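S.K.: I'm passing along run-v2.txt; it holds compact mmCIF, C-alpha atoms.
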```txt
# COMPACT_ATOMS: atom_id res chain seq x y z
CA ILE A 211 90.76 73.03 2.23
CA THR A 212 92.86 70.28 3.82
CA THR A 213 96.34 68.95 3.25
CA LYS A 214 98.20 65.88 4.47
CA THR A 215 101.59 67.56 4.36
CA GLU A 216 103.39 68.26 7.63
CA ASP A 217 105.40 71.17 6.21
CA PRO A 218 104.44 74.22 8.37
CA SER A 219 105.02 76.68 5.52
CA CYS A 220 102.73 74.67 3.23
CA VAL A 221 100.03 74.49 5.88
CA PHE A 222 100.44 78.22 6.45
CA TRP A 223 99.82 79.09 2.82
CA PHE A 224 96.90 76.67 2.48
CA TRP A 225 95.39 78.31 5.54
CA HIS A 226 95.68 81.78 4.02
CA ILE A 227 94.06 80.60 0.82
CA SER A 228 91.23 79.12 2.88
CA VAL A 229 90.77 82.34 4.85
CA TYR A 230 90.70 84.47 1.72
CA ILE A 231 88.12 82.21 0.10
CA GLN A 232 85.89 82.29 3.18
CA ILE A 233 86.16 86.06 3.57
CA PHE A 234 85.51 86.82 -0.07
CA LEU A 235 82.57 84.41 -0.13
CA ILE A 236 81.00 86.27 2.77
CA SER A 237 82.05 89.82 1.97
CA PRO A 238 80.68 92.21 0.90
CA PHE A 239 77.27 90.64 0.48
CA HIS A 240 77.29 88.60 3.69
CA VAL A 241 78.45 91.14 6.27
CA ILE A 242 76.87 90.24 9.60
CA PRO A 243 76.61 91.86 13.06
CA GLY A 244 79.59 91.02 15.28
CA GLU A 245 77.92 90.40 18.66
CA HIS A 246 79.14 86.79 18.51
CA LEU A 247 82.83 87.79 18.33
CA ARG A 248 84.87 87.27 21.51
CA ILE A 249 88.19 88.80 20.47
CA CYS A 250 87.70 91.11 17.52
CA PRO A 251 85.59 94.33 17.74
CA GLN A 252 81.89 93.49 17.84
CA GLU A 253 81.06 95.58 14.81
CA TYR A 254 79.81 94.41 11.44
CA THR A 255 82.11 91.59 10.41
CA CYS A 256 82.95 89.00 7.76
CA CYS A 257 83.81 86.30 10.34
CA THR A 258 81.69 83.70 12.04
CA SER A 259 82.51 82.41 15.55
CA GLU A 260 84.10 79.35 14.00
CA MET A 261 86.30 81.46 11.75
CA GLU A 262 87.40 83.60 14.69
CA ASP A 263 88.35 80.49 16.66
CA LYS A 264 90.32 79.09 13.74
CA LEU A 265 92.10 82.40 13.15
CA SER A 266 92.96 82.56 16.84
CA GLN A 267 94.57 79.13 16.68
CA GLN A 268 96.37 80.16 13.51
CA SER A 269 97.76 83.18 15.35
CA LYS A 270 99.19 80.88 17.98
CA LEU A 271 100.75 78.50 15.44
CA GLU A 272 102.17 81.33 13.35
CA PHE A 273 103.73 82.94 16.42
CA GLU A 274 105.31 79.67 17.57
CA ASN A 275 106.70 79.03 14.07
CA LEU A 276 108.15 82.53 13.83
CA VAL A 277 109.86 82.24 17.22
CA GLU A 278 111.26 78.87 16.20
CA GLU A 279 112.47 80.32 12.90
CA THR A 280 114.11 83.44 14.36
CA SER A 281 115.90 81.42 17.06
CA HIS A 282 117.24 78.94 14.51
CA PHE A 283 120.37 81.02 13.90
CA VAL A 284 121.19 81.09 17.61
CA ARG A 285 120.89 77.33 18.00
CA THR A 286 122.82 76.46 14.84
CA THR A 287 125.57 78.93 15.78
CA PHE A 288 126.15 77.24 19.13
CA VAL A 289 126.02 73.78 17.57
CA SER A 290 128.46 74.59 14.77
CA ARG A 291 130.94 76.42 16.99
CA HIS A 292 130.85 73.71 19.61
CA LYS A 293 131.55 71.12 16.90
CA LYS A 294 134.43 73.10 15.38
CA PHE A 295 136.13 73.86 18.68
CA ASP A 296 135.67 70.33 20.00
CA GLU A 297 137.18 68.83 16.84
CA PHE A 298 140.05 71.33 16.94
CA PHE A 299 140.92 70.70 20.60
CA ARG A 300 140.64 66.92 20.36
CA GLU A 301 142.90 66.98 17.31
CA LEU A 302 145.48 69.02 19.26
CA LEU A 303 145.41 66.44 22.05
CA GLU A 304 145.77 63.51 19.68
CA ASN A 305 148.62 65.19 17.78
CA ALA A 306 150.42 65.98 21.03
CA GLU A 307 150.10 62.39 22.27
CA ARG A 308 151.20 60.95 18.92
CA SER A 309 154.19 63.30 18.60
CA LEU A 310 155.34 62.59 22.15
CA ASN A 311 155.01 58.87 21.63
CA ASP A 312 156.93 58.94 18.32
CA MET A 313 159.74 61.03 19.81
CA PHE A 314 160.14 58.79 22.88
CA VAL A 315 160.06 55.61 20.78
CA ARG A 316 162.86 56.96 18.59
CA THR A 317 164.85 58.16 21.61
CA TYR A 318 164.37 55.41 24.19
CA GLY A 319 163.03 52.52 22.13
CA MET A 320 161.92 49.47 24.09
CA LEU A 321 162.69 51.14 27.40
CA TYR A 322 159.94 53.68 26.77
CA MET A 323 157.52 51.25 25.16
CA GLN A 324 157.59 49.03 28.26
CA ASN A 325 156.50 52.02 30.39
CA SER A 326 154.39 53.96 27.89
CA GLU A 327 151.18 53.38 29.87
CA VAL A 328 152.30 56.14 32.26
CA PHE A 329 151.96 58.67 29.42
CA GLN A 330 148.87 57.02 27.97
CA ASP A 331 147.15 57.35 31.35
CA LEU A 332 148.14 61.01 31.48
CA PHE A 333 146.46 61.81 28.16
CA ALA A 334 143.44 59.68 29.05
CA GLU A 335 142.94 61.74 32.21
CA LEU A 336 143.39 65.00 30.30
CA LYS A 337 140.71 63.93 27.82
CA ARG A 338 138.43 62.88 30.66
CA TYR A 339 138.82 66.28 32.31
CA TYR A 340 138.11 68.11 29.04
CA THR A 341 134.90 66.15 28.49
CA GLY A 342 133.58 67.05 31.93
CA GLY A 343 134.98 64.22 34.04
CA ASN A 344 135.56 64.60 37.77
CA VAL A 345 139.33 65.10 37.53
CA ASN A 346 141.48 67.35 39.72
CA LEU A 347 144.12 68.61 37.29
CA GLU A 348 146.71 69.50 39.90
CA GLU A 349 146.45 66.19 41.74
CA MET A 350 146.43 64.25 38.47
CA LEU A 351 149.64 65.97 37.27
CA ASN A 352 151.31 65.41 40.63
CA ASP A 353 150.45 61.72 40.42
CA PHE A 354 151.90 61.56 36.90
CA TRP A 355 155.28 62.95 37.97
CA ALA A 356 155.31 60.70 41.04
CA ARG A 357 154.65 57.60 38.92
CA LEU A 358 157.26 58.67 36.39
CA LEU A 359 159.82 59.16 39.16
CA GLU A 360 159.11 55.70 40.56
CA ARG A 361 159.57 54.09 37.14
CA MET A 362 162.78 55.98 36.42
CA PHE A 363 164.17 55.19 39.87
CA GLN A 364 163.67 51.50 39.20
CA LEU A 365 165.15 51.71 35.69
CA ILE A 366 168.23 53.57 36.90
CA ASN A 367 168.77 51.02 39.69
CA PRO A 368 167.90 47.67 38.05
CA GLN A 369 170.23 45.78 40.40
CA TYR A 370 167.93 46.50 43.35
CA HIS A 371 164.40 45.46 44.18
CA PHE A 372 162.34 48.20 45.81
CA SER A 373 159.18 47.63 47.82
CA GLU A 374 156.02 49.62 47.19
CA ASP A 375 156.52 51.46 50.48
CA TYR A 376 160.02 52.47 49.50
CA LEU A 377 158.92 53.78 46.11
CA GLU A 378 156.05 55.66 47.72
CA CYS A 379 158.51 57.25 50.09
CA VAL A 380 160.68 58.36 47.16
CA SER A 381 157.71 59.94 45.37
CA LYS A 382 156.75 61.90 48.49
CA TYR A 383 160.03 63.81 48.29
CA THR A 384 159.63 64.81 44.65
CA ASP A 385 159.27 68.49 45.51
CA GLN A 386 162.45 68.47 47.58
CA LEU A 387 164.50 66.31 45.24
CA LYS A 388 163.29 68.01 42.03
CA PRO A 389 164.53 65.24 39.74
CA PHE A 390 162.85 66.90 36.73
CA GLY A 391 163.96 70.42 37.56
CA ASP A 392 161.37 73.16 37.10
CA VAL A 393 159.55 71.31 34.29
CA PRO A 394 156.65 69.96 36.42
CA ARG A 395 155.79 73.42 37.77
CA LYS A 396 155.88 75.10 34.35
CA LEU A 397 153.92 72.30 32.73
CA LYS A 398 151.31 72.38 35.50
CA VAL A 399 150.72 76.10 34.97
CA GLN A 400 150.43 75.76 31.17
CA VAL A 401 148.25 72.64 31.19
CA THR A 402 145.94 73.97 33.91
CA ARG A 403 145.36 77.26 32.13
CA ALA A 404 144.77 75.66 28.74
CA PHE A 405 142.45 72.89 29.90
CA ILE A 406 140.38 74.99 32.31
CA ALA A 407 139.81 77.56 29.54
CA ALA A 408 139.00 74.89 26.94
CA ARG A 409 136.56 72.98 29.15
CA THR A 410 134.84 76.16 30.34
CA PHE A 411 134.45 77.39 26.77
CA VAL A 412 133.08 74.15 25.34
CA GLN A 413 130.70 73.71 28.29
CA GLY A 414 129.53 77.29 27.82
CA LEU A 415 128.68 76.56 24.21
CA THR A 416 126.69 73.52 25.32
CA VAL A 417 124.79 75.52 27.94
CA GLY A 418 124.06 78.28 25.43
CA ARG A 419 122.65 75.76 22.96
CA GLU A 420 120.41 74.20 25.61
CA VAL A 421 119.14 77.60 26.78
CA ALA A 422 118.41 78.66 23.20
CA ASN A 423 116.54 75.39 22.59
CA ARG A 424 114.37 75.82 25.68
CA VAL A 425 113.66 79.51 25.15
CA SER A 426 112.62 78.89 21.54
CA LYS A 427 109.86 76.52 22.71
CA VAL A 428 107.36 79.25 23.53
CA SER A 429 103.85 78.40 24.68
CA PRO A 430 101.85 81.64 24.37
CA THR A 431 99.43 82.55 27.14
CA PRO A 432 95.70 83.13 26.46
CA GLY A 433 96.34 86.87 26.75
CA CYS A 434 99.13 86.65 24.22
CA ILE A 435 96.94 84.68 21.81
CA ARG A 436 94.19 87.30 22.07
CA ALA A 437 96.68 90.09 21.38
CA LEU A 438 98.12 88.21 18.40
CA MET A 439 94.66 87.57 17.01
CA LYS A 440 93.70 91.25 17.28
CA MET A 441 96.90 92.30 15.58
CA LEU A 442 97.17 89.68 12.84
CA TYR A 443 93.67 88.56 11.87
CA CYS A 444 91.00 90.88 13.19
CA PRO A 445 91.56 93.07 10.09
CA TYR A 446 90.56 89.99 8.03
CA CYS A 447 87.23 89.91 9.82
CA ARG A 448 86.63 93.52 8.86
CA GLY A 449 87.34 92.82 5.20
CA LEU A 450 90.83 94.32 5.33
CA PRO A 451 93.18 91.34 4.89
CA THR A 452 95.99 93.45 3.43
CA VAL A 453 96.23 95.84 6.39
CA LYS A 454 99.47 95.37 8.32
CA PRO A 455 100.07 96.41 11.96
CA CYS A 456 102.45 99.32 12.54
CA ASN A 457 105.90 98.40 13.82
CA ASN A 458 105.46 99.84 17.34
CA TYR A 459 102.18 97.99 17.82
CA CYS A 460 103.77 94.74 16.70
CA LEU A 461 106.78 95.26 18.98
CA ASN A 462 104.53 95.91 21.99
CA VAL A 463 102.54 92.72 21.35
CA MET A 464 105.72 90.69 20.95
CA LYS A 465 107.27 92.13 24.10
CA GLY A 466 104.16 91.11 26.01
CA CYS A 467 104.20 87.60 24.54
CA LEU A 468 107.93 87.23 25.20
CA ALA A 469 108.03 88.87 28.63
CA ASN A 470 109.57 85.82 30.30
CA GLN A 471 112.24 85.53 27.65
CA ALA A 472 112.97 89.27 27.92
CA ASP A 473 114.00 88.75 31.55
CA LEU A 474 116.98 86.80 30.22
CA ASP A 475 118.18 89.65 28.02
CA THR A 476 120.82 91.15 30.35
CA GLU A 477 122.31 87.84 31.44
CA TRP A 478 122.18 86.49 27.89
CA ASN A 479 124.10 89.49 26.51
CA LEU A 480 126.72 89.08 29.23
CA PHE A 481 126.98 85.39 28.41
CA ILE A 482 127.48 85.78 24.67
CA GLY A 483 129.86 88.67 25.30
CA LYS A 484 132.08 86.40 27.38
CA LYS A 485 131.88 83.74 24.67
CA SER A 486 133.23 86.34 22.21
CA PHE A 487 130.58 86.01 19.55
CA SER A 488 127.19 87.49 18.85
CA ALA A 489 124.08 85.35 18.57
CA GLY A 490 120.77 86.87 19.53
CA PHE A 491 117.02 86.73 19.28
CA SER A 492 115.11 89.87 18.34
CA THR A 493 111.39 90.58 18.35
CA GLY A 494 112.16 93.00 15.55
CA LYS A 495 112.74 90.05 13.20
CA ILE A 496 109.13 88.98 13.75
CA CYS A 497 107.73 92.45 13.16
CA THR A 498 109.41 93.05 9.79
```
Would you give me this structure, written as structure tokens?

M.R.:
Amino acid sequence: ITTKTEDPSCVFWFWHISVYIQIFLISPFHVIPGEHLRICPQEYTCCTSEMEDKLSQQSKLEFENLVEETSHFVRTTFVSRHKKFDEFFRELLENAERSLNDMFVRTYGMLYMQNSEVFQDLFAELKRYYTGGNVNLEEMLNDFWARLLERMFQLINPQYHFSEDYLECVSKYTDQLKPFGDVPRKLKVQVTRAFIAARTFVQGLTVGREVANRVSKVSPTPGCIRALMKMLYCPYCRGLPTVKPCNNYCLNVMKGCLANQADLDTEWNLFIGKKSFSAGFSTGKICT
């Protein structure tokens, strides 16, 4: 039986129909010695060598599909939460910039509008930091206050012309002069805390998604494929297609096939614990 569809579930069911037909055509009147079998017990069997090979490949495909399916929740959780948080934080930034701009336009009018690029550059740098840019928050905020002081110094003293060196000298004494009071220090603490936490969180969600994607792409070893074949389809070859493996047997096979992924268990649990949500992969989901 063949099918042109690429739907794995459809192929899966067509395969089972094919296997049942072949087994029932052979059994019980065409039971043959099993010396030719390489994986299943070499007793009397319903399977030819070709059938055993095909069932072995089916074991591999079924395992890969099940791993992909059970890890789907993990991947979609990271994607959806990254999207929601990113949209939320970007909206906060845009609202803050818009509100500040509207307030300063109403308060200072043209005076602010002629110097608004100082604030626009500030928000541009904050956005660049949040998205992973190479920005030193403390230095960037210090530069902002220094630039603002230079602009205000010129606006307050329009009758004078100041050289670049003079203005640079004024900005160097910002900490001593404290023209803005304690506002720069308080703002630096609040902005640094908020943006470091936000960037770390959103990057963590990205890393978690990438790890989940890579771990879900399992390529079973030959030993794993043999174990899967024995557990899933050797009963077919003995004329017992309805026999299911016990849960402990299934778990042991899955632990062997997912040994490399199991090494990540401790670190993964610590990671998702720090991200304050639960998203996991369990071999038990495959064995139910």

S.K.: Return as JSON the centre and edge lengths, in Å with one decimal, of the box along x, y and z that encloses every atom of stretch 362-374 of chain A in the file, padded by 6 Å per side.

M.R.:
```
{"center_x": 163.1, "center_y": 50.7, "center_z": 41.8, "size_x": 26.2, "size_y": 22.5, "size_z": 24.1}
```

S.K.: Could you give me, as a VMD selection string, the residues that have an atom at most 10 Å away from the point (147.3, 61.4, 29.1) in the coordinates of the file, using only C-alpha atoms?

M.R.: chain A and resid 303 to 304 306 to 307 327 to 338 350 to 351 354

S.K.: Tell me which of A:Gly418, A:Pro389, A:Thr255, A:Val380 sits closest to A:Gly483, counting all atoms listed in the file.

M.R.: A:Gly418

S.K.: Which residue out of A:Leu321, A:Asn305, A:Glu274, A:Gln252 has the minimum interatomic distance to A:Met464 when all atoms listed in the file are used?

M.R.: A:Glu274

S.K.: Please, what distance in Å, to one decimal, runs between atom CA of A:Glu278 and atom CA of A:Met261?

M.R.: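 So the two atoms, atom CA of A:Glu278 and atom CA of A:Met261, lie 25.5 Å apart.
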
S.K.: So how many Å separate atom CA of A:Pro445 and atom CA of A:Cys256, to one decimal?

M.R.: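 Interatomic distance, atom CA of A:Pro445 to atom CA of A:Cys256: 9.8 Å.
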
S.K.: Using all atoms listed in the file, find the one residue out of A:Arg357, A:His371, A:Arg448, A:Arg403 that sits nearest to A:Thr384.

M.R.: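 The answer is A:Arg357, which sits nearest to A:Thr384.
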
S.K.: From the set A:Leu302, A:Thr402, A:Gly319, A:Cys379, which residue has the shortest atom-to-atom contact distance to A:Glu349, counting all atoms listed in the file?

M.R.: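 Among the listed residues, the smallest separation from A:Glu349 belongs to A:Thr402.
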
S.K.: What is the atom CA of A:Val417 to atom CA of A:Thr431 distance in Å?

M.R.: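 Separating atom CA of A:Val417 from atom CA of A:Thr431 is a distance of 26.3 Å.
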
S.K.: Ranking A:Ser381, A:Asn470, A:Gln324, A:Thr452 by minimum distance to A:Ser426 and counting all atoms listed in the file, which one comes first?

M.R.: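 Between A:Ser381, A:Asn470, A:Gln324, A:Thr452, the residue approaching A:Ser426 most closely is A:Asn470.
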
S.K.: Using all atoms listed in the file, can you tell me which of A:Phe411, A:Trp355, A:Trp478, A:Phe372 comes closest to A:Phe390?

M.R.: A:Trp355

S.K.: Got a sec: who's within 12 Å of A:Val393, counting all atoms listed in the file, leaving out chain neighbours fewer than 6 positions off, as a list in words?

M.R.: Leu351, Asn352, Trp355, Asp385, Val399, Gln400 and Val401 of chain A

S.K.: If I put a ball of radius 12 Å at (138.0, 78.8, 25.4) in the file's coordinates, which residues poke into it when counting only C-alpha atoms, written as an MDAnalysis selection string?

M.R.: chainID A and resid 291:292 295:296 298:299 340 403:415 484:487

S.K.: Add whatever atoms are absent from stretch 355-366 of chain A to reach all heavy atoms, and provide the output as a PDB file, in the coordinates of the input.

M.R.:
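File produced: result-v2.pdb:
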```
ATOM      1  N   TRP A 355     153.850  62.775  37.710  1.00  0.00           N
ATOM      2  CA  TRP A 355     155.280  62.950  37.970  1.00  0.00           C
ATOM      3  C   TRP A 355     155.779  61.967  39.022  1.00  0.00           C
ATOM      4  O   TRP A 355     156.920  61.485  38.947  1.00  0.00           O
ATOM      5  CB  TRP A 355     155.571  64.389  38.391  1.00  0.00           C
ATOM      6  CG  TRP A 355     155.386  65.380  37.282  1.00  0.00           C
ATOM      7  CD1 TRP A 355     154.426  66.338  37.178  1.00  0.00           C
ATOM      8  CD2 TRP A 355     156.180  65.491  36.096  1.00  0.00           C
ATOM      9  NE1 TRP A 355     154.561  67.035  36.013  1.00  0.00           N
ATOM     10  CE2 TRP A 355     155.634  66.539  35.324  1.00  0.00           C
ATOM     11  CE3 TRP A 355     157.294  64.805  35.608  1.00  0.00           C
ATOM     12  CZ2 TRP A 355     156.169  66.927  34.106  1.00  0.00           C
ATOM     13  CZ3 TRP A 355     157.828  65.189  34.391  1.00  0.00           C
ATOM     14  CH2 TRP A 355     157.276  66.235  33.645  1.00  0.00           C
ATOM     15  N   ALA A 356     154.928  61.671  40.014  1.00  0.00           N
ATOM     16  CA  ALA A 356     155.310  60.700  41.040  1.00  0.00           C
ATOM     17  C   ALA A 356     155.485  59.309  40.431  1.00  0.00           C
ATOM     18  O   ALA A 356     156.470  58.600  40.722  1.00  0.00           O
ATOM     19  CB  ALA A 356     154.269  60.680  42.152  1.00  0.00           C
ATOM     20  N   ARG A 357     154.559  58.903  39.583  1.00  0.00           N
ATOM     21  CA  ARG A 357     154.650  57.600  38.920  1.00  0.00           C
ATOM     22  C   ARG A 357     155.879  57.537  38.010  1.00  0.00           C
ATOM     23  O   ARG A 357     156.588  56.520  37.952  1.00  0.00           O
ATOM     24  CB  ARG A 357     153.403  57.332  38.090  1.00  0.00           C
ATOM     25  CG  ARG A 357     152.159  56.996  38.883  1.00  0.00           C
ATOM     26  CD  ARG A 357     151.014  56.682  37.948  1.00  0.00           C
ATOM     27  NE  ARG A 357     151.280  55.484  37.158  1.00  0.00           N
ATOM     28  CZ  ARG A 357     150.576  55.128  36.069  1.00  0.00           C
ATOM     29  NH1 ARG A 357     149.565  55.902  35.657  1.00  0.00           N
ATOM     30  NH2 ARG A 357     150.868  54.031  35.414  1.00  0.00           N
ATOM     31  N   LEU A 358     156.105  58.639  37.301  1.00  0.00           N
ATOM     32  CA  LEU A 358     157.260  58.670  36.390  1.00  0.00           C
ATOM     33  C   LEU A 358     158.573  58.555  37.174  1.00  0.00           C
ATOM     34  O   LEU A 358     159.506  57.859  36.752  1.00  0.00           O
ATOM     35  CB  LEU A 358     157.232  59.970  35.581  1.00  0.00           C
ATOM     36  CG  LEU A 358     158.287  60.095  34.477  1.00  0.00           C
ATOM     37  CD1 LEU A 358     158.135  58.978  33.455  1.00  0.00           C
ATOM     38  CD2 LEU A 358     158.190  61.460  33.793  1.00  0.00           C
ATOM     39  N   LEU A 359     158.627  59.231  38.328  1.00  0.00           N
ATOM     40  CA  LEU A 359     159.820  59.160  39.160  1.00  0.00           C
ATOM     41  C   LEU A 359     160.056  57.733  39.661  1.00  0.00           C
ATOM     42  O   LEU A 359     161.196  57.228  39.648  1.00  0.00           O
ATOM     43  CB  LEU A 359     159.705  60.117  40.338  1.00  0.00           C
ATOM     44  CG  LEU A 359     160.860  60.082  41.352  1.00  0.00           C
ATOM     45  CD1 LEU A 359     162.185  60.431  40.676  1.00  0.00           C
ATOM     46  CD2 LEU A 359     160.585  61.033  42.517  1.00  0.00           C
ATOM     47  N   GLU A 360     158.989  57.079  40.078  1.00  0.00           N
ATOM     48  CA  GLU A 360     159.110  55.700  40.560  1.00  0.00           C
ATOM     49  C   GLU A 360     159.649  54.783  39.466  1.00  0.00           C
ATOM     50  O   GLU A 360     160.544  53.951  39.708  1.00  0.00           O
ATOM     51  CB  GLU A 360     157.758  55.200  41.060  1.00  0.00           C
ATOM     52  CG  GLU A 360     157.277  55.875  42.318  1.00  0.00           C
ATOM     53  CD  GLU A 360     155.898  55.392  42.735  1.00  0.00           C
ATOM     54  OE1 GLU A 360     155.404  54.412  42.138  1.00  0.00           O
ATOM     55  OE2 GLU A 360     155.297  55.991  43.648  1.00  0.00           O
ATOM     56  N   ARG A 361     159.108  54.930  38.248  1.00  0.00           N
ATOM     57  CA  ARG A 361     159.570  54.090  37.140  1.00  0.00           C
ATOM     58  C   ARG A 361     161.041  54.357  36.810  1.00  0.00           C
ATOM     59  O   ARG A 361     161.829  53.423  36.602  1.00  0.00           O
ATOM     60  CB  ARG A 361     158.708  54.347  35.895  1.00  0.00           C
ATOM     61  CG  ARG A 361     157.276  53.891  36.013  1.00  0.00           C
ATOM     62  CD  ARG A 361     157.186  52.368  36.152  1.00  0.00           C
ATOM     63  NE  ARG A 361     155.805  51.934  36.253  1.00  0.00           N
ATOM     64  CZ  ARG A 361     155.055  51.575  35.203  1.00  0.00           C
ATOM     65  NH1 ARG A 361     155.582  51.588  33.984  1.00  0.00           N
ATOM     66  NH2 ARG A 361     153.808  51.191  35.384  1.00  0.00           N
ATOM     67  N   MET A 362     161.408  55.634  36.770  1.00  0.00           N
ATOM     68  CA  MET A 362     162.780  55.980  36.420  1.00  0.00           C
ATOM     69  C   MET A 362     163.755  55.530  37.515  1.00  0.00           C
ATOM     70  O   MET A 362     164.872  55.080  37.223  1.00  0.00           O
ATOM     71  CB  MET A 362     162.893  57.501  36.212  1.00  0.00           C
ATOM     72  CG  MET A 362     162.176  58.000  34.976  1.00  0.00           C
ATOM     73  SD  MET A 362     162.473  59.751  34.655  1.00  0.00           S
ATOM     74  CE  MET A 362     164.226  59.747  34.308  1.00  0.00           C
ATOM     75  N   PHE A 363     163.322  55.623  38.760  1.00  0.00           N
ATOM     76  CA  PHE A 363     164.170  55.190  39.870  1.00  0.00           C
ATOM     77  C   PHE A 363     164.467  53.694  39.769  1.00  0.00           C
ATOM     78  O   PHE A 363     165.603  53.253  40.019  1.00  0.00           O
ATOM     79  CB  PHE A 363     163.459  55.503  41.191  1.00  0.00           C
ATOM     80  CG  PHE A 363     164.331  55.354  42.398  1.00  0.00           C
ATOM     81  CD1 PHE A 363     165.265  56.329  42.733  1.00  0.00           C
ATOM     82  CD2 PHE A 363     164.229  54.228  43.212  1.00  0.00           C
ATOM     83  CE1 PHE A 363     166.081  56.180  43.851  1.00  0.00           C
ATOM     84  CE2 PHE A 363     165.044  54.071  44.323  1.00  0.00           C
ATOM     85  CZ  PHE A 363     165.973  55.052  44.652  1.00  0.00           C
ATOM     86  N   GLN A 364     163.475  52.940  39.364  1.00  0.00           N
ATOM     87  CA  GLN A 364     163.670  51.500  39.200  1.00  0.00           C
ATOM     88  C   GLN A 364     164.552  51.192  37.993  1.00  0.00           C
ATOM     89  O   GLN A 364     165.396  50.289  38.029  1.00  0.00           O
ATOM     90  CB  GLN A 364     162.314  50.803  39.042  1.00  0.00           C
ATOM     91  CG  GLN A 364     161.481  50.778  40.308  1.00  0.00           C
ATOM     92  CD  GLN A 364     160.098  50.204  40.063  1.00  0.00           C
ATOM     93  OE1 GLN A 364     159.309  50.756  39.300  1.00  0.00           O
ATOM     94  NE2 GLN A 364     159.808  49.068  40.695  1.00  0.00           N
ATOM     95  N   LEU A 365     164.369  51.954  36.904  1.00  0.00           N
ATOM     96  CA  LEU A 365     165.150  51.710  35.690  1.00  0.00           C
ATOM     97  C   LEU A 365     166.624  52.079  35.884  1.00  0.00           C
ATOM     98  O   LEU A 365     167.526  51.430  35.322  1.00  0.00           O
ATOM     99  CB  LEU A 365     164.565  52.510  34.522  1.00  0.00           C
ATOM    100  CG  LEU A 365     163.182  52.058  34.030  1.00  0.00           C
ATOM    101  CD1 LEU A 365     162.638  53.060  33.016  1.00  0.00           C
ATOM    102  CD2 LEU A 365     163.269  50.658  33.416  1.00  0.00           C
ATOM    103  N   ILE A 366     166.855  53.129  36.664  1.00  0.00           N
ATOM    104  CA  ILE A 366     168.230  53.570  36.900  1.00  0.00           C
ATOM    105  C   ILE A 366     168.960  52.608  37.850  1.00  0.00           C
ATOM    106  O   ILE A 366     170.184  52.462  37.787  1.00  0.00           O
ATOM    107  CB  ILE A 366     168.238  55.001  37.477  1.00  0.00           C
ATOM    108  CG1 ILE A 366     167.730  55.983  36.407  1.00  0.00           C
ATOM    109  CG2 ILE A 366     169.632  55.420  37.928  1.00  0.00           C
ATOM    110  CD1 ILE A 366     167.533  57.393  36.920  1.00  0.00           C
TER     111      ILE A 366
END
```
